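Note: the block below is model-v1.txt and it holds compact mmCIF, C-alpha atoms.
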# COMPACT_ATOMS: atom_id res chain seq x y z
CA MET A 347 101.85 126.48 127.70
CA VAL A 348 102.17 123.70 130.26
CA VAL A 349 105.52 121.94 129.87
CA ALA A 350 104.46 118.31 129.97
CA ASN A 351 106.73 115.97 131.86
CA GLY A 352 105.72 112.46 130.93
CA HIS A 353 102.06 113.33 130.41
CA LEU A 354 100.06 110.92 128.30
CA VAL A 355 96.95 111.26 126.14
CA ILE A 356 94.66 108.25 125.64
CA LEU A 357 92.25 108.93 122.83
CA GLY A 358 89.78 107.19 120.57
CA THR A 359 86.24 107.33 119.30
CA THR A 360 83.22 107.33 121.55
CA ALA A 361 82.60 103.90 123.12
CA SER A 362 86.21 102.81 122.47
CA GLY A 363 86.89 102.07 126.14
CA LYS A 364 89.46 104.81 126.62
CA SER A 365 88.01 105.98 129.94
CA SER A 366 88.06 102.48 131.48
CA LEU A 367 91.61 101.96 130.21
CA ALA A 368 92.79 105.26 131.71
CA PHE A 369 91.11 104.42 135.02
CA ALA A 370 92.79 101.00 135.11
CA LEU A 371 96.16 102.65 134.47
CA ALA A 372 95.56 105.18 137.26
CA GLU A 373 94.64 102.40 139.69
CA LEU A 374 98.01 100.76 139.01
CA ARG A 375 100.07 103.96 139.12
CA SER A 376 99.43 106.04 142.24
CA ASN A 377 101.08 109.14 140.75
CA VAL A 378 98.38 109.54 138.06
CA GLU A 379 95.50 111.99 137.88
CA LEU A 380 93.01 111.92 135.00
CA VAL A 381 91.98 114.94 132.92
CA SER A 382 88.80 114.57 130.87
CA MET A 383 89.04 115.89 127.31
CA ASP A 384 85.30 115.46 126.75
CA SER A 385 83.55 118.72 125.90
CA MET A 386 80.28 117.49 127.44
CA ALA A 387 81.43 115.77 130.65
CA LEU A 388 82.20 119.24 132.00
CA TYR A 389 78.46 119.93 132.34
CA GLN A 390 76.70 119.26 135.62
CA HIS A 391 73.49 117.18 135.66
CA MET A 392 74.46 115.44 132.38
CA ASN A 393 76.36 112.49 133.83
CA ILE A 394 74.41 109.54 132.41
CA GLY A 395 74.25 110.73 128.82
CA THR A 396 77.90 111.79 128.72
CA ALA A 397 79.12 108.56 130.39
CA THR A 398 80.83 110.61 133.09
CA PRO A 399 83.00 108.57 135.52
CA THR A 400 80.99 107.47 138.53
CA ALA A 401 81.29 109.08 141.96
CA GLU A 402 83.09 105.95 143.14
CA GLU A 403 85.62 106.20 140.31
CA GLN A 404 86.20 109.88 141.00
CA THR A 405 86.78 109.08 144.68
CA ALA A 406 89.25 106.31 143.83
CA VAL A 407 91.23 108.36 141.29
CA PRO A 408 91.45 112.17 141.03
CA HIS A 409 89.56 113.45 137.96
CA HIS A 410 89.62 116.94 136.45
CA LEU A 411 87.31 118.93 134.12
CA ILE A 412 84.17 117.08 135.17
CA ASP A 413 80.98 118.85 136.34
CA LEU A 414 82.54 122.30 135.98
CA VAL A 415 79.55 124.38 134.89
CA ALA A 416 75.76 124.30 134.67
CA PRO A 417 74.27 123.15 131.35
CA THR A 418 72.77 126.61 130.94
CA GLU A 419 76.25 128.06 130.46
CA GLU A 420 78.28 128.14 127.26
CA PHE A 421 81.80 126.80 127.55
CA THR A 422 84.07 127.63 124.63
CA VAL A 423 87.15 125.76 123.44
CA SER A 424 89.37 128.57 124.71
CA GLN A 425 87.77 128.32 128.17
CA PHE A 426 88.30 124.56 128.08
CA GLN A 427 91.93 124.99 127.03
CA ALA A 428 92.62 127.38 129.91
CA ALA A 429 90.89 125.06 132.41
CA ALA A 430 92.86 122.05 131.17
CA GLN A 431 96.16 123.91 131.35
CA ARG A 432 95.39 125.00 134.91
CA ALA A 433 94.51 121.42 135.86
CA ILE A 434 97.74 120.02 134.40
CA ALA A 435 99.84 122.71 136.08
CA ASP A 436 98.10 121.90 139.38
CA ILE A 437 98.83 118.20 138.92
CA GLU A 438 102.50 119.00 138.27
CA THR A 439 102.79 121.06 141.48
CA ARG A 440 101.94 117.90 143.43
CA GLY A 441 104.59 115.90 141.59
CA LYS A 442 101.95 113.84 139.80
CA ARG A 443 101.50 112.98 136.13
CA ALA A 444 98.46 113.75 134.02
CA VAL A 445 96.72 111.29 131.75
CA LEU A 446 94.44 113.14 129.37
CA VAL A 447 91.43 111.06 128.32
CA GLY A 448 90.38 112.28 124.92
CA GLY A 449 87.30 112.16 122.82
CA THR A 450 86.58 115.66 121.53
CA GLY A 451 89.21 116.19 118.84
CA LEU A 452 89.46 119.99 118.86
CA HIS A 453 89.62 120.10 122.65
CA VAL A 454 92.45 117.57 122.66
CA ARG A 455 94.34 119.54 120.03
CA SER A 456 93.81 122.82 121.88
CA VAL A 457 95.85 121.42 124.76
CA VAL A 458 98.29 119.14 122.95
CA ASP A 459 99.30 121.92 120.54
CA ASP A 460 98.53 124.98 122.69
CA LEU A 461 96.41 126.34 119.85
CA ASP A 462 95.98 130.09 119.47
CA ILE A 463 92.19 130.15 119.70
CA PRO A 464 90.29 133.22 118.48
CA GLY A 465 87.66 134.84 120.67
CA GLN A 466 83.88 134.87 120.22
CA PHE A 467 82.02 137.61 118.35
CA PRO A 468 78.32 136.86 118.92
CA GLU A 469 76.96 140.03 117.26
CA THR A 470 78.98 139.39 114.13
CA ARG A 471 77.90 135.74 114.11
CA SER A 472 74.22 136.64 114.48
CA GLU A 473 74.49 138.95 111.50
CA LEU A 474 76.25 136.32 109.40
CA GLU A 475 73.69 133.65 110.30
CA THR A 476 70.94 135.65 108.60
CA GLU A 477 72.50 134.51 105.30
CA SER A 478 71.02 131.06 104.65
CA ASP A 479 73.19 130.28 101.61
CA THR A 480 76.46 128.78 102.84
CA GLY A 481 77.92 129.22 99.36
CA VAL A 482 77.52 132.98 99.62
CA LEU A 483 79.27 132.97 102.98
CA TYR A 484 82.08 130.85 101.57
CA GLN A 485 82.62 133.26 98.68
CA ARG A 486 82.89 136.10 101.17
CA LEU A 487 85.44 134.13 103.18
CA LEU A 488 87.33 133.34 99.98
CA THR A 489 87.66 137.07 99.35
CA LEU A 490 88.62 138.04 102.92
CA ASP A 491 90.78 135.05 103.87
CA PRO A 492 91.55 132.74 100.93
CA LEU A 493 94.01 130.69 103.01
CA ALA A 494 91.35 129.81 105.58
CA ALA A 495 88.80 129.14 102.83
CA GLY A 496 91.19 126.72 101.17
CA ARG A 497 91.41 124.68 104.36
CA MET A 498 87.72 123.78 104.53
CA GLU A 499 84.87 122.36 102.50
CA PRO A 500 82.68 125.11 101.02
CA SER A 501 79.62 123.27 102.30
CA ASN A 502 80.82 123.04 105.92
CA ARG A 503 78.60 125.82 107.25
CA ARG A 504 79.85 125.60 110.82
CA ARG A 505 83.50 126.05 109.88
CA VAL A 506 82.77 128.71 107.28
CA LEU A 507 80.68 130.70 109.76
CA ARG A 508 83.34 130.45 112.44
CA ALA A 509 86.12 131.59 110.11
CA LEU A 510 84.05 134.53 108.90
CA GLU A 511 82.96 135.43 112.42
CA VAL A 512 86.60 135.73 113.50
CA THR A 513 87.84 137.42 110.33
CA VAL A 514 85.14 140.09 110.45
CA GLY A 515 84.85 140.38 114.23
CA ALA A 516 88.57 140.47 115.02
CA GLY A 517 89.56 142.44 111.95
CA ARG A 518 92.23 139.82 111.43
CA PRO A 519 92.23 136.79 109.09
CA PHE A 520 91.16 133.55 110.72
CA SER A 521 94.24 131.90 109.22
CA ALA A 522 96.47 134.36 111.13
CA PHE A 523 95.73 132.55 114.39
CA GLY A 524 98.64 130.13 114.26
CA PRO A 525 99.03 127.18 111.89
CA GLY A 526 95.66 125.81 112.96
CA ILE A 527 94.45 122.25 113.08
CA ASP A 528 96.00 121.31 109.74
CA ALA A 529 99.55 121.40 111.14
CA TYR A 530 101.01 118.70 113.39
CA PRO A 531 104.12 120.18 115.02
CA PRO A 532 106.23 118.47 117.68
CA THR A 533 104.44 118.29 121.03
CA PRO A 534 105.58 117.36 124.54
CA PHE A 535 102.51 115.14 124.93
CA THR A 536 102.57 111.47 123.95
CA GLN A 537 99.32 110.37 122.32
CA ILE A 538 98.10 106.77 122.27
CA GLY A 539 95.03 105.94 120.22
CA LEU A 540 92.70 102.96 120.54
CA ARG A 541 91.73 101.49 117.18
CA LEU A 542 88.62 99.29 117.06
CA SER A 543 86.67 97.88 114.14
CA ARG A 544 83.67 99.94 113.13
CA GLU A 545 81.45 96.95 113.79
CA LEU A 546 82.62 96.79 117.40
CA VAL A 547 82.18 100.54 117.92
CA ASP A 548 78.70 100.40 116.39
CA ARG A 549 77.67 97.54 118.69
CA ARG A 550 79.05 99.27 121.76
CA ILE A 551 77.20 102.49 120.95
CA ALA A 552 73.86 100.69 120.75
CA GLU A 553 74.56 98.73 123.94
CA ARG A 554 75.59 101.88 125.79
CA TYR A 555 72.36 103.69 124.94
CA GLN A 556 70.35 100.79 126.31
CA LYS A 557 72.42 100.80 129.51
CA GLN A 558 72.02 104.57 129.85
CA LEU A 559 68.25 104.31 129.45
CA ASP A 560 68.19 101.66 132.18
CA GLU A 561 70.14 104.07 134.40
CA GLY A 562 67.64 106.92 133.93
CA PHE A 563 68.88 108.79 130.84
CA LEU A 564 65.36 109.81 129.80
CA GLU A 565 64.70 111.39 133.18
CA GLU A 566 68.05 113.17 133.02
CA VAL A 567 67.18 114.63 129.61
CA ALA A 568 63.84 115.89 130.94
CA ALA A 569 65.59 117.63 133.84
CA VAL A 570 68.26 119.22 131.62
CA MET A 571 65.71 120.49 129.09
CA THR A 572 63.74 122.10 131.92
CA LEU A 573 66.87 124.07 132.84
CA GLY A 574 67.31 125.32 129.26
CA PRO A 575 70.67 124.06 127.98
CA SER A 576 73.13 126.43 126.31
CA ARG A 577 74.13 126.31 122.65
CA THR A 578 77.22 124.26 123.47
CA ALA A 579 75.46 121.90 125.90
CA LYS A 580 72.75 121.17 123.31
CA ARG A 581 75.37 119.45 121.16
CA ALA A 582 75.59 116.53 123.58
CA LEU A 583 74.78 113.28 121.81
CA GLY A 584 71.41 111.72 122.51
CA TYR A 585 69.83 114.61 124.40
CA GLY A 586 68.15 116.25 121.41
CA GLN A 587 66.72 112.98 120.14
CA LEU A 588 65.30 111.98 123.52
CA ALA A 589 63.97 115.50 124.02
CA ALA A 590 62.04 115.12 120.75
CA HIS A 591 60.42 112.00 122.17
CA LEU A 592 59.53 113.82 125.39
CA ASP A 593 57.92 116.53 123.25
CA GLY A 594 55.75 113.90 121.59
CA LEU A 595 57.44 114.18 118.19
CA CYS A 596 58.48 110.52 117.97
CA THR A 597 58.38 107.23 119.86
CA LEU A 598 61.15 106.28 122.27
CA GLU A 599 62.27 103.55 119.86
CA GLU A 600 62.53 106.08 117.02
CA ALA A 601 64.43 108.53 119.23
CA VAL A 602 66.95 105.90 120.33
CA ALA A 603 67.41 104.64 116.77
CA GLU A 604 68.17 108.18 115.59
CA ALA A 605 70.53 108.76 118.52
CA VAL A 606 72.39 105.56 117.69
CA ARG A 607 72.66 106.55 114.00
CA ASP A 608 73.90 110.04 114.83
CA THR A 609 76.40 108.76 117.37
CA ARG A 610 77.78 106.23 114.89
CA ARG A 611 78.23 109.05 112.36
CA PHE A 612 79.97 111.09 115.05
CA ALA A 613 82.32 108.17 115.74
CA ARG A 614 83.24 108.09 112.03
CA ARG A 615 84.06 111.81 112.15
CA GLN A 616 86.20 111.26 115.26
CA GLU A 617 87.98 108.42 113.51
CA ARG A 618 88.78 110.60 110.50
CA TRP A 619 89.92 113.48 112.71
CA PHE A 620 92.33 111.40 114.77
CA ARG A 621 93.58 109.43 111.79
CA ARG A 622 94.98 112.62 110.25
CA ASP A 623 97.38 113.13 113.17
CA PRO A 624 100.65 111.29 112.36
CA ARG A 625 101.90 111.67 115.94
CA ILE A 626 99.36 109.27 117.44
CA GLU A 627 100.65 105.81 118.39
CA TRP A 628 97.84 103.37 117.56
CA LEU A 629 96.98 100.20 119.47
CA ASP A 630 94.51 97.70 118.02
CA VAL A 631 91.71 96.49 120.28
CA GLN A 632 89.85 93.29 119.39
CA GLU A 633 87.15 93.36 122.07
CA SER A 634 88.20 95.18 125.25
CA SER A 635 90.56 98.11 125.80
CA GLN A 636 91.98 96.20 128.79
CA GLU A 637 93.80 94.02 126.23
CA VAL A 638 96.32 96.82 125.68
CA LEU A 639 96.72 97.86 129.34
CA GLU A 640 100.17 96.30 129.68
CA LYS A 641 101.41 98.07 126.53
CA VAL A 642 100.08 101.41 127.76
CA LEU A 643 101.67 100.87 131.18
CA ARG A 644 105.04 100.17 129.58
CA ARG A 645 104.77 103.28 127.42
CA PHE A 646 103.74 105.34 130.42
CA ASP A 647 106.71 104.11 132.45
CA GLU A 648 109.09 104.75 129.54
CA LEU A 649 108.04 108.40 129.46
CA ALA A 650 108.92 108.81 133.13
CA ASN A 651 112.51 107.76 132.41
CA HIS A 652 113.09 110.26 129.61
Kindly transcribe the structure held in the file into structure tokens.
Amino acid sequence: MVVANGHLVILGTTASGKSSLAFALAELRSNVELVSMDSMALYQHMNIGTATPTAEEQTAVPHHLIDLVAPTEEFTVSQFQAAAQRAIADIETRGKRAVLVGGTGLHVRSVVDDLDIPGQFPETRSELETESDTGVLYQRLLTLDPLAAGRMEPSNRRRVLRALEVTVGAGRPFSAFGPGIDAYPPTPFTQIGLRLSRELVDRRIAERYQKQLDEGFLEEVAAVMTLGPSRTAKRALGYGQLAAHLDGLCTLEEAVAEAVRDTRRFARRQERWFRRDPRIEWLDVQESSQEVLEKVLRRFDELANH
């Protein structure tokens, strides 16, 4: 694991302004390099829809884990964890400090807690996916790994499938891979969270989609779909809905409305995920994340003196 020396994590829901806050901090502290914790910004050709920092921003401040792979490639959490740890170690060799800019909860935790992440077992997963009844899969998990089963909702098909895939494929209980995401042990990373009202987040999400469309999001989606995105890349918010419009299945207005709804639901899930972590230091934002810049700068400077 990387031994963090004054490294900071700035996290929050989508559209919370965390990226602009981190960039402002880096502009004021020349020893800072930014590490994206967004599971979708790592894909090339998906810059508009993932709100990737602009070329100008990346020139002004060093950024890591952006545009790493083609959208046709799968990129697992364990691959992301290894890439992030390499990036942070590289930053440390130059005597710099990393600011991790977080949005994807599991990816943040994989680095902050150096999670022991199980491998992938695609053949096992394909076999398990032939069972359409999630309840049946959950009962099987309950028999093979009751501890893991007790940590998840029986109806959460994605988590149940993953736990079974690992338990069967690895021949080792899923729960045996460390304490998992339900434990919050001490960590050398300091995490600051931005807390906005749901109304503000909802408004920002709608406004951002309109801005992205003006910037050419629809054309970007068409290009990405032509390439044939991987299973992980397909999870990017907005792309599936706009692709449905391009396929003639709905109007653009209907596609955007669905994308906005789904993204707002995703923001609620992010909020619940981050809220469970007692180690996060929360800052309230009324309108703009720049309101808390001075507080974040002070906290950042404090860490350097410890």
Can you build me a table of segment 427-457 of chain A residues sitting at most 12 Å from segment 525-542 of chain A, with the closest atom pair per residue and its distance in Å to one decimal, using only C-alpha atoms, sorted by chain and residue number, as a tab-separated table?
residue	atom	partner	partner_atom	distance
A:Ile434	CA	A:Phe535	CA	11.7
A:Arg443	CA	A:Phe535	CA	11.5
A:Ala444	CA	A:Phe535	CA	10.0
A:Val445	CA	A:Phe535	CA	9.7
A:Leu446	CA	A:Gln537	CA	9.0
A:Val447	CA	A:Gln537	CA	9.9
A:Gly448	CA	A:Gly539	CA	9.2
A:Gly449	CA	A:Gly539	CA	10.3
A:Gly451	CA	A:Ile527	CA	9.9
A:Leu452	CA	A:Ile527	CA	8.0
A:His453	CA	A:Ile527	CA	10.9
A:Val454	CA	A:Gln537	CA	10.0
A:Arg455	CA	A:Ile527	CA	7.5
A:Ser456	CA	A:Ile527	CA	8.8
A:Val457	CA	A:Phe535	CA	9.2
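Residue nearest Phe520 of chain A, chosen from A:Tyr585, A:Thr398, A:Arg471, A:Gly465 and counting all atoms listed in the file: A:Gly465.
Compared by their closest atoms to Leu487 of chain A, and using only C-alpha atoms, the residues A:Leu639, A:Val606, A:Ala590, A:Val512 rank with A:Val512 nearest.
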Starting from the point (79.2, 139.8, 109.4), work out which residues of protein, DNA or RNA have an atom no more than 6 Å away when counting all atoms listed in the file; state them as a PDB file with C-alpha atoms, in the frame of the given file.
ATOM      1  CA  THR A 470      78.980 139.390 114.130  1.00  0.00           C
ATOM      2  CA  GLU A 473      74.490 138.950 111.500  1.00  0.00           C
ATOM      3  CA  LEU A 474      76.250 136.320 109.400  1.00  0.00           C
TER       4      LEU A 474
END
One decimal, in Å: what's the spacing between atom CA of Met571 of chain A and atom CA of Thr405 of chain A? 28.6 Å
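Here the residues that fall within 10 Å of (103.5, 103.6, 129.3), using only C-alpha atoms, are given as Gly352, His353, Leu354, Leu371, Thr536, Ile538, Leu639, Glu640, Lys641, Val642, Leu643, Arg644, Arg645, Phe646, Asp647, Glu648, Leu649 and Ala650 of chain A.
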Residues at most 10 Å from Glu373 of chain A, counting all atoms listed in the file, excluding those fewer than 5 positions away in the same chain, as a VMD selection string? chain A and resid 367 to 368 378 to 379 403 406 to 407
Restricted to C-alpha atoms, what would the selected residues look like written as a PDB file, in the frame of the given file?
ATOM      1  CA  LEU A 367      91.610 101.960 130.210  1.00  0.00           C
ATOM      2  CA  ALA A 368      92.790 105.260 131.710  1.00  0.00           C
ATOM      3  CA  VAL A 378      98.380 109.540 138.060  1.00  0.00           C
ATOM      4  CA  GLU A 379      95.500 111.990 137.880  1.00  0.00           C
ATOM      5  CA  GLU A 403      85.620 106.200 140.310  1.00  0.00           C
ATOM      6  CA  ALA A 406      89.250 106.310 143.830  1.00  0.00           C
ATOM      7  CA  VAL A 407      91.230 108.360 141.290  1.00  0.00           C
TER       8      VAL A 407
END
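Computed from the coordinates, the atom CA of Ala613 of chain A to atom CA of Ser543 of chain A distance equals 11.3 Å.
The smallest atom-to-atom distance between Ile551 of chain A and any of A:Ala605, A:Val567, A:Met386, A:Leu588, using only C-alpha atoms, is found for A:Ala605.
Closest approach to Arg625 of chain A from the set A:Val458, A:Gln485, A:Ile412, A:Ala433 is made by A:Val458, with distances taken over only C-alpha atoms.
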